[in-house]
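Just start_19.txt here, compact mmCIF, N, CA, C and O atoms:
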```txt
# COMPACT_ATOMS: atom_id res chain seq x y z
N MET A 1 0.85 -1.17 0.00
CA MET A 1 0.00 0.00 0.00
C MET A 1 0.90 1.23 0.00
O MET A 1 1.83 1.33 0.77
N ASP A 2 0.62 2.15 -0.91
CA ASP A 2 1.37 3.40 -0.99
C ASP A 2 0.58 4.50 -0.30
O ASP A 2 -0.64 4.43 -0.17
N ARG A 3 1.30 5.55 0.09
CA ARG A 3 0.68 6.68 0.78
C ARG A 3 1.21 7.98 0.16
O ARG A 3 2.40 8.15 -0.01
N LEU A 4 0.28 8.88 -0.17
CA LEU A 4 0.63 10.21 -0.68
C LEU A 4 0.14 11.26 0.31
O LEU A 4 -1.04 11.26 0.68
N TYR A 5 1.02 12.14 0.75
CA TYR A 5 0.65 13.24 1.64
C TYR A 5 0.26 14.43 0.78
O TYR A 5 1.09 14.97 0.05
N ILE A 6 -1.00 14.83 0.85
CA ILE A 6 -1.53 15.92 0.03
C ILE A 6 -2.30 16.86 0.94
O ILE A 6 -3.26 16.46 1.59
N THR A 7 -1.90 18.13 0.96
CA THR A 7 -2.46 19.10 1.90
C THR A 7 -3.89 19.51 1.58
O THR A 7 -4.76 19.48 2.44
N SER A 8 -4.15 19.89 0.35
CA SER A 8 -5.44 20.44 -0.06
C SER A 8 -6.50 19.35 -0.25
O SER A 8 -6.25 18.34 -0.92
N GLU A 9 -7.67 19.59 0.29
CA GLU A 9 -8.78 18.64 0.12
C GLU A 9 -9.16 18.49 -1.35
O GLU A 9 -9.44 17.39 -1.83
N ALA A 10 -9.15 19.60 -2.09
CA ALA A 10 -9.49 19.56 -3.52
C ALA A 10 -8.47 18.72 -4.28
O ALA A 10 -8.84 17.93 -5.17
N ASP A 11 -7.19 18.87 -3.95
CA ASP A 11 -6.15 18.07 -4.60
C ASP A 11 -6.29 16.59 -4.25
O ASP A 11 -6.12 15.73 -5.11
N ARG A 12 -6.59 16.29 -2.98
CA ARG A 12 -6.79 14.89 -2.59
C ARG A 12 -7.96 14.28 -3.37
O ARG A 12 -7.89 13.14 -3.85
N SER A 13 -9.02 15.05 -3.54
CA SER A 13 -10.19 14.56 -4.30
C SER A 13 -9.84 14.31 -5.76
O SER A 13 -10.27 13.30 -6.34
N ALA A 14 -9.08 15.22 -6.36
CA ALA A 14 -8.70 15.06 -7.77
C ALA A 14 -7.83 13.83 -7.97
O ALA A 14 -8.05 13.04 -8.90
N VAL A 15 -6.84 13.64 -7.09
CA VAL A 15 -5.95 12.48 -7.21
C VAL A 15 -6.73 11.20 -6.94
O VAL A 15 -6.58 10.20 -7.65
N ALA A 16 -7.59 11.20 -5.94
CA ALA A 16 -8.41 10.02 -5.63
C ALA A 16 -9.28 9.65 -6.84
O ALA A 16 -9.41 8.46 -7.17
N ALA A 17 -9.86 10.64 -7.50
CA ALA A 17 -10.71 10.36 -8.67
C ALA A 17 -9.90 9.69 -9.78
O ALA A 17 -10.36 8.72 -10.40
N VAL A 18 -8.69 10.18 -10.03
CA VAL A 18 -7.84 9.57 -11.07
C VAL A 18 -7.45 8.15 -10.67
O VAL A 18 -7.49 7.23 -11.50
N LEU A 19 -7.09 7.95 -9.41
CA LEU A 19 -6.72 6.61 -8.96
C LEU A 19 -7.89 5.64 -9.09
O LEU A 19 -7.72 4.50 -9.56
N LEU A 20 -9.07 6.07 -8.68
CA LEU A 20 -10.26 5.22 -8.80
C LEU A 20 -10.56 4.88 -10.26
O LEU A 20 -10.88 3.74 -10.59
N LYS A 21 -10.42 5.87 -11.12
CA LYS A 21 -10.65 5.68 -12.56
C LYS A 21 -9.68 4.65 -13.14
O LYS A 21 -10.01 3.95 -14.10
N ASN A 22 -8.50 4.54 -12.53
CA ASN A 22 -7.47 3.61 -13.01
C ASN A 22 -7.42 2.32 -12.18
O ASN A 22 -6.40 1.66 -12.08
N LYS A 23 -8.55 1.99 -11.55
CA LYS A 23 -8.78 0.72 -10.86
C LYS A 23 -7.97 0.52 -9.58
O LYS A 23 -7.63 -0.60 -9.21
N TYR A 24 -7.66 1.61 -8.90
CA TYR A 24 -7.01 1.52 -7.58
C TYR A 24 -8.09 1.59 -6.50
O TYR A 24 -9.14 2.20 -6.69
N THR A 25 -7.81 0.97 -5.37
CA THR A 25 -8.62 1.14 -4.18
C THR A 25 -7.99 2.28 -3.40
O THR A 25 -6.76 2.31 -3.23
N VAL A 26 -8.79 3.23 -2.95
CA VAL A 26 -8.26 4.45 -2.33
C VAL A 26 -8.92 4.67 -0.98
O VAL A 26 -10.12 4.46 -0.82
N ARG A 27 -8.10 5.08 -0.02
CA ARG A 27 -8.60 5.42 1.32
C ARG A 27 -7.93 6.72 1.75
O ARG A 27 -6.73 6.89 1.56
N SER A 28 -8.70 7.64 2.30
CA SER A 28 -8.10 8.89 2.79
C SER A 28 -7.98 8.81 4.30
O SER A 28 -8.72 8.09 4.97
N GLY A 29 -7.03 9.57 4.84
CA GLY A 29 -6.84 9.57 6.28
C GLY A 29 -6.02 10.76 6.72
O GLY A 29 -5.61 11.59 5.92
N SER A 30 -5.82 10.83 8.03
CA SER A 30 -4.99 11.89 8.60
C SER A 30 -4.28 11.34 9.82
O SER A 30 -4.71 10.35 10.42
N GLN A 31 -3.19 11.99 10.17
CA GLN A 31 -2.48 11.63 11.39
C GLN A 31 -1.95 12.91 12.02
O GLN A 31 -1.53 13.83 11.32
N ARG A 32 -2.00 12.95 13.31
CA ARG A 32 -1.55 14.12 14.04
C ARG A 32 -0.02 14.19 14.02
O ARG A 32 0.65 13.18 14.20
N ARG A 33 0.50 15.38 13.77
CA ARG A 33 1.95 15.58 13.81
C ARG A 33 2.43 15.48 15.25
O ARG A 33 1.78 15.98 16.17
N THR A 34 3.56 14.85 15.45
CA THR A 34 4.12 14.69 16.79
C THR A 34 4.40 16.05 17.41
O THR A 34 5.03 16.91 16.80
N GLY A 35 3.91 16.23 18.64
CA GLY A 35 4.15 17.47 19.37
C GLY A 35 3.44 18.69 18.79
O GLY A 35 3.87 19.82 18.99
N SER A 36 2.36 18.48 18.06
CA SER A 36 1.67 19.58 17.40
C SER A 36 0.17 19.33 17.40
O SER A 36 -0.28 18.21 17.60
N ARG A 37 -0.58 20.38 17.14
CA ARG A 37 -2.02 20.23 16.97
C ARG A 37 -2.39 20.08 15.51
O ARG A 37 -3.56 19.90 15.18
N SER A 38 -1.40 20.16 14.64
CA SER A 38 -1.64 20.05 13.20
C SER A 38 -1.74 18.59 12.77
O SER A 38 -1.23 17.69 13.43
N TYR A 39 -2.37 18.40 11.62
CA TYR A 39 -2.53 17.07 11.04
C TYR A 39 -1.90 17.01 9.66
O TYR A 39 -1.86 18.02 8.94
N ASP A 40 -1.41 15.84 9.28
CA ASP A 40 -0.99 15.55 7.91
C ASP A 40 -2.10 14.73 7.28
O ASP A 40 -2.58 13.75 7.87
N TYR A 41 -2.53 15.11 6.08
CA TYR A 41 -3.59 14.42 5.38
C TYR A 41 -2.99 13.61 4.24
O TYR A 41 -2.06 14.05 3.58
N PHE A 42 -3.54 12.42 4.01
CA PHE A 42 -2.94 11.54 3.02
C PHE A 42 -4.00 10.69 2.32
O PHE A 42 -5.15 10.59 2.77
N LEU A 43 -3.57 10.10 1.21
CA LEU A 43 -4.34 9.07 0.50
C LEU A 43 -3.51 7.79 0.55
O LEU A 43 -2.31 7.82 0.28
N GLU A 44 -4.14 6.69 0.89
CA GLU A 44 -3.51 5.38 0.76
C GLU A 44 -4.18 4.69 -0.41
O GLU A 44 -5.40 4.80 -0.59
N PHE A 45 -3.41 3.97 -1.22
CA PHE A 45 -3.99 3.33 -2.39
C PHE A 45 -3.24 2.06 -2.75
O PHE A 45 -2.07 1.90 -2.42
N TRP A 46 -3.95 1.17 -3.42
CA TRP A 46 -3.36 -0.07 -3.91
C TRP A 46 -4.24 -0.60 -5.03
O TRP A 46 -5.38 -0.20 -5.20
N ASN A 47 -3.67 -1.50 -5.81
CA ASN A 47 -4.38 -2.11 -6.92
C ASN A 47 -4.40 -3.61 -6.70
O ASN A 47 -3.36 -4.25 -6.73
N GLU A 48 -5.58 -4.16 -6.45
CA GLU A 48 -5.73 -5.58 -6.13
C GLU A 48 -5.21 -6.49 -7.24
O GLU A 48 -4.68 -7.55 -6.97
N GLY A 49 -5.39 -6.08 -8.49
CA GLY A 49 -5.07 -6.95 -9.61
C GLY A 49 -3.62 -6.93 -10.06
O GLY A 49 -3.22 -7.70 -10.91
N LYS A 50 -2.82 -6.01 -9.53
CA LYS A 50 -1.44 -5.88 -9.99
C LYS A 50 -0.46 -6.11 -8.86
O LYS A 50 -0.77 -5.87 -7.70
N LYS A 51 0.72 -6.55 -9.23
CA LYS A 51 1.80 -6.71 -8.26
C LYS A 51 2.16 -5.33 -7.72
O LYS A 51 2.37 -4.39 -8.49
N PRO A 52 2.21 -5.16 -6.40
CA PRO A 52 2.51 -3.83 -5.85
C PRO A 52 3.93 -3.37 -6.19
O PRO A 52 4.89 -4.12 -6.04
N VAL A 53 4.03 -2.16 -6.70
CA VAL A 53 5.32 -1.54 -6.99
C VAL A 53 5.34 -0.22 -6.24
O VAL A 53 4.51 0.65 -6.47
N GLU A 54 6.28 -0.08 -5.32
CA GLU A 54 6.34 1.10 -4.47
C GLU A 54 6.68 2.35 -5.27
O GLU A 54 7.53 2.32 -6.16
N ASN A 55 5.99 3.44 -4.96
CA ASN A 55 6.23 4.76 -5.55
C ASN A 55 6.02 4.80 -7.06
O ASN A 55 6.71 5.51 -7.79
N LYS A 56 5.04 4.05 -7.54
CA LYS A 56 4.72 4.05 -8.97
C LYS A 56 3.21 3.98 -9.13
O LYS A 56 2.54 3.20 -8.46
N ILE A 57 2.68 4.82 -10.02
CA ILE A 57 1.25 4.84 -10.30
C ILE A 57 1.06 4.66 -11.81
O ILE A 57 1.61 5.43 -12.59
N SER A 58 0.28 3.66 -12.21
CA SER A 58 -0.06 3.46 -13.62
C SER A 58 -1.34 4.22 -13.93
O SER A 58 -2.34 4.05 -13.23
N ILE A 59 -1.28 5.05 -14.97
CA ILE A 59 -2.42 5.90 -15.33
C ILE A 59 -2.65 5.78 -16.83
O ILE A 59 -1.71 5.88 -17.62
N ASP A 60 -3.92 5.58 -17.24
CA ASP A 60 -4.24 5.32 -18.64
C ASP A 60 -4.19 6.55 -19.53
O ASP A 60 -3.83 6.45 -20.70
N GLU A 61 -4.56 7.72 -19.03
CA GLU A 61 -4.67 8.90 -19.89
C GLU A 61 -3.64 9.97 -19.53
O GLU A 61 -3.39 10.22 -18.35
N GLU A 62 -3.12 10.62 -20.54
CA GLU A 62 -2.08 11.63 -20.35
C GLU A 62 -2.57 12.81 -19.51
O GLU A 62 -1.85 13.29 -18.64
N ALA A 63 -3.79 13.26 -19.72
CA ALA A 63 -4.32 14.39 -18.96
C ALA A 63 -4.40 14.06 -17.48
O ALA A 63 -4.07 14.90 -16.63
N ASP A 64 -4.80 12.83 -17.16
CA ASP A 64 -4.85 12.41 -15.75
C ASP A 64 -3.45 12.34 -15.16
O ASP A 64 -3.23 12.70 -14.00
N GLN A 65 -2.51 11.86 -15.95
CA GLN A 65 -1.12 11.79 -15.48
C GLN A 65 -0.61 13.19 -15.14
O GLN A 65 0.02 13.39 -14.09
N LEU A 66 -0.89 14.16 -15.98
CA LEU A 66 -0.45 15.53 -15.73
C LEU A 66 -1.13 16.13 -14.51
O LEU A 66 -0.51 16.86 -13.74
N THR A 67 -2.39 15.81 -14.30
CA THR A 67 -3.11 16.29 -13.12
C THR A 67 -2.46 15.78 -11.85
O THR A 67 -2.16 16.54 -10.93
N VAL A 68 -2.21 14.47 -11.79
CA VAL A 68 -1.59 13.88 -10.60
C VAL A 68 -0.17 14.40 -10.41
O VAL A 68 0.23 14.74 -9.29
N ALA A 69 0.60 14.50 -11.48
CA ALA A 69 1.98 15.00 -11.38
C ALA A 69 2.00 16.42 -10.83
O ALA A 69 2.82 16.75 -9.96
N THR A 70 1.10 17.26 -11.29
CA THR A 70 1.03 18.65 -10.83
C THR A 70 0.72 18.71 -9.34
O THR A 70 1.36 19.46 -8.59
N VAL A 71 -0.23 17.92 -8.88
CA VAL A 71 -0.58 17.89 -7.45
C VAL A 71 0.60 17.40 -6.62
O VAL A 71 0.93 17.98 -5.58
N LEU A 72 1.26 16.36 -7.08
CA LEU A 72 2.39 15.82 -6.32
C LEU A 72 3.54 16.82 -6.23
O LEU A 72 4.13 17.00 -5.16
N ILE A 73 3.84 17.49 -7.31
CA ILE A 73 4.91 18.50 -7.30
C ILE A 73 4.55 19.63 -6.34
O ILE A 73 5.39 20.09 -5.56
N ARG A 74 3.29 20.05 -6.34
CA ARG A 74 2.84 21.11 -5.44
C ARG A 74 2.95 20.67 -3.97
O ARG A 74 3.08 21.49 -3.08
N ASN A 75 2.95 19.36 -3.73
CA ASN A 75 3.03 18.82 -2.37
C ASN A 75 4.41 18.24 -2.06
O ASN A 75 4.54 17.31 -1.26
N LYS A 76 5.44 18.80 -2.68
CA LYS A 76 6.84 18.52 -2.36
C LYS A 76 7.31 17.11 -2.73
O LYS A 76 8.10 16.50 -2.05
N TYR A 77 6.79 16.60 -3.85
CA TYR A 77 7.27 15.33 -4.39
C TYR A 77 8.13 15.60 -5.62
O TYR A 77 7.91 16.55 -6.34
N THR A 78 9.09 14.73 -5.85
CA THR A 78 9.82 14.69 -7.10
C THR A 78 9.12 13.65 -7.96
O THR A 78 8.87 12.53 -7.51
N VAL A 79 8.79 14.02 -9.21
CA VAL A 79 7.97 13.15 -10.06
C VAL A 79 8.67 12.94 -11.39
O VAL A 79 9.21 13.88 -11.98
N ARG A 80 8.64 11.69 -11.87
CA ARG A 80 9.10 11.37 -13.21
C ARG A 80 7.95 10.72 -13.96
O ARG A 80 7.28 9.84 -13.43
N CYS A 81 7.71 11.20 -15.19
CA CYS A 81 6.61 10.68 -16.01
C CYS A 81 7.18 9.80 -17.12
O CYS A 81 8.19 10.13 -17.73
N PHE A 82 6.50 8.69 -17.38
CA PHE A 82 6.92 7.75 -18.42
C PHE A 82 5.74 7.39 -19.30
O PHE A 82 4.61 7.34 -18.83
N PHE A 83 6.03 7.12 -20.56
CA PHE A 83 5.01 6.62 -21.47
C PHE A 83 5.70 5.78 -22.54
O PHE A 83 6.91 5.81 -22.70
N GLN A 84 4.89 5.04 -23.25
CA GLN A 84 5.38 4.21 -24.33
C GLN A 84 4.64 4.62 -25.59
O GLN A 84 3.45 4.90 -25.54
N LYS A 85 5.34 4.66 -26.72
CA LYS A 85 4.70 5.00 -27.99
C LYS A 85 4.57 3.75 -28.84
O LYS A 85 5.51 2.99 -28.99
N ARG A 86 3.37 3.55 -29.35
CA ARG A 86 3.12 2.46 -30.30
C ARG A 86 2.43 3.04 -31.52
O ARG A 86 1.40 3.70 -31.39
N ASN A 87 3.00 2.82 -32.67
CA ASN A 87 2.45 3.34 -33.93
C ASN A 87 2.19 4.84 -33.85
O ASN A 87 1.17 5.33 -34.31
N GLY A 88 3.09 5.57 -33.20
CA GLY A 88 2.99 7.01 -33.10
C GLY A 88 1.98 7.50 -32.07
O GLY A 88 1.74 8.69 -31.95
N VAL A 89 1.39 6.60 -31.29
CA VAL A 89 0.39 6.97 -30.29
C VAL A 89 0.95 6.69 -28.90
O VAL A 89 1.47 5.61 -28.64
N LYS A 90 0.85 7.71 -28.00
CA LYS A 90 1.31 7.52 -26.63
C LYS A 90 0.33 6.63 -25.88
O LYS A 90 -0.87 6.84 -25.95
N GLU A 91 0.87 5.65 -25.19
CA GLU A 91 0.03 4.81 -24.34
C GLU A 91 0.86 4.28 -23.18
O GLU A 91 2.07 4.43 -23.16
N TYR A 92 0.21 3.63 -22.24
CA TYR A 92 0.84 3.08 -21.04
C TYR A 92 1.62 4.14 -20.28
O TYR A 92 2.83 4.23 -20.34
N PHE A 93 0.90 4.97 -19.58
CA PHE A 93 1.50 6.03 -18.78
C PHE A 93 1.73 5.55 -17.36
O PHE A 93 0.91 4.81 -16.81
N HIS A 94 2.82 5.96 -16.76
CA HIS A 94 2.98 5.77 -15.32
C HIS A 94 3.86 6.87 -14.74
O HIS A 94 4.64 7.50 -15.44
N LEU A 95 3.68 7.11 -13.46
CA LEU A 95 4.45 8.10 -12.72
C LEU A 95 5.28 7.38 -11.67
O LEU A 95 4.81 6.44 -11.04
N GLU A 96 6.48 7.85 -11.48
CA GLU A 96 7.29 7.43 -10.34
C GLU A 96 7.49 8.68 -9.50
O GLU A 96 7.74 9.76 -10.03
N TYR A 97 7.34 8.54 -8.19
CA TYR A 97 7.39 9.71 -7.32
C TYR A 97 8.18 9.40 -6.06
O TYR A 97 8.34 8.25 -5.67
N GLU A 98 8.67 10.48 -5.45
CA GLU A 98 9.41 10.36 -4.19
C GLU A 98 9.23 11.65 -3.42
O GLU A 98 9.35 12.74 -3.99
N LEU A 99 8.95 11.55 -2.14
CA LEU A 99 8.82 12.72 -1.29
C LEU A 99 10.19 13.37 -1.14
O LEU A 99 11.17 12.68 -0.87
N ASN A 100 10.28 14.69 -1.33
CA ASN A 100 11.55 15.39 -1.19
C ASN A 100 12.10 15.24 0.23
O ASN A 100 11.35 15.07 1.18
N LEU A 101 13.40 15.32 0.38
CA LEU A 101 14.04 15.10 1.69
C LEU A 101 13.51 16.02 2.76
O LEU A 101 13.24 15.58 3.89
N ALA A 102 13.36 17.30 2.47
CA ALA A 102 12.86 18.25 3.48
C ALA A 102 11.44 17.88 3.90
O ALA A 102 11.09 17.96 5.07
N ALA A 103 10.62 17.47 2.95
CA ALA A 103 9.24 17.08 3.26
C ALA A 103 9.22 15.78 4.08
O ALA A 103 8.37 15.60 4.95
N LYS A 104 10.14 14.85 3.80
CA LYS A 104 10.22 13.61 4.57
C LYS A 104 10.47 13.90 6.04
O LYS A 104 9.86 13.30 6.92
N LYS A 105 11.36 14.83 6.31
CA LYS A 105 11.68 15.18 7.70
C LYS A 105 10.46 15.75 8.40
O LYS A 105 10.20 15.44 9.55
N GLU A 106 9.68 16.59 7.71
CA GLU A 106 8.46 17.18 8.29
C GLU A 106 7.46 16.09 8.65
O GLU A 106 6.85 16.12 9.71
N VAL A 107 7.27 15.12 7.76
CA VAL A 107 6.30 14.04 7.98
C VAL A 107 6.76 13.14 9.13
O VAL A 107 5.96 12.71 9.95
N GLU A 108 8.04 12.88 9.21
CA GLU A 108 8.57 11.99 10.24
C GLU A 108 8.54 12.62 11.62
O GLU A 108 8.50 11.93 12.62
N GLU A 109 8.59 13.95 11.70
CA GLU A 109 8.61 14.63 13.00
C GLU A 109 7.27 14.73 13.63
O GLU A 109 6.26 14.47 13.27
```
Go ahead and express the file in the form of structure tokens.
Amino acid sequence: MDRLYITSEADRSAVAAVLLKNKYTVRSGSQRRTGSRSYDYFLEFWNEGKKPVENKISIDEEADQLTVATVLIRNKYTVRCFFQKRNGVKEYFHLEYELNLAAKKEVEE
């Protein structure tokens, strides 16, 4: 199960919609920051039919891939986008992502 920390409720909803559209099971949640009254909000997701691959999301449409990539970058992730071309047509999109080091420290504290 992967977890994405996303601050904005609208962004969490947009990413959840794309994940659901691409056959992922999605759960939202929050956890209190240590020593603080603030909360970190996140989405947990997994795909029952596929072998789990950490920090990778398979997305069918390019527009959805760009939506998710934009949200992740806005939330301090480093994102790499991949696609495959067949007969001049882009298909098989996926994103690889990693939480930036500074953001990792914030989440861990």
Coordinates-based distance that separates atom O of Val26 (chain A) from atom C of Asn47 (chain A) (Å, one decimal):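 Rounded to one decimal, the two atoms are 11.5 Å apart.
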Could you go through chain A and tell me which residues DSSP, when run on the backbone, assigns to alpha helix (DSSP H), listing them as a count of residues only? 34
Could you pull the residues within 10 Å of Asn22 (chain A), counting only C-alpha atoms, minus those fewer than 2 positions along the same chain, as a VMD selection string? chain A and resid 16 to 20 24 to 25 47 57 to 61 64
Can you find the residues with an atom no farther than 7 Å from (5.3, 0.9, -1.0), counting all atoms listed in the file, and report them as a ChimeraX atom specification? /A:1-3,52-55
DSSP strand (DSSP E) residues within chain A, as a VMD selection string: chain A and resid 2 to 5 25 to 32 39 to 46 56 to 59 77 to 86 89 to 99
Hey, what's within 8 Å of region 91-97 of chain A if we count only C-alpha atoms and toss same-chain stuff fewer than 6 positions away? As a PyMOL selection string, please? chain A and resi 55-62+65+69+72+77-85
Find the distance between atom N of Asn75 (chain A) and atom O of Gly49 (chain A) and write it in Å to one decimal.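 Pair atom N of Asn75 (chain A) / atom O of Gly49 (chain A) returns 28.7 Å.
Taking atom O of Glu98 (chain A) and atom O of Ser8 (chain A) as endpoints, the distance between them is 16.9 Å.
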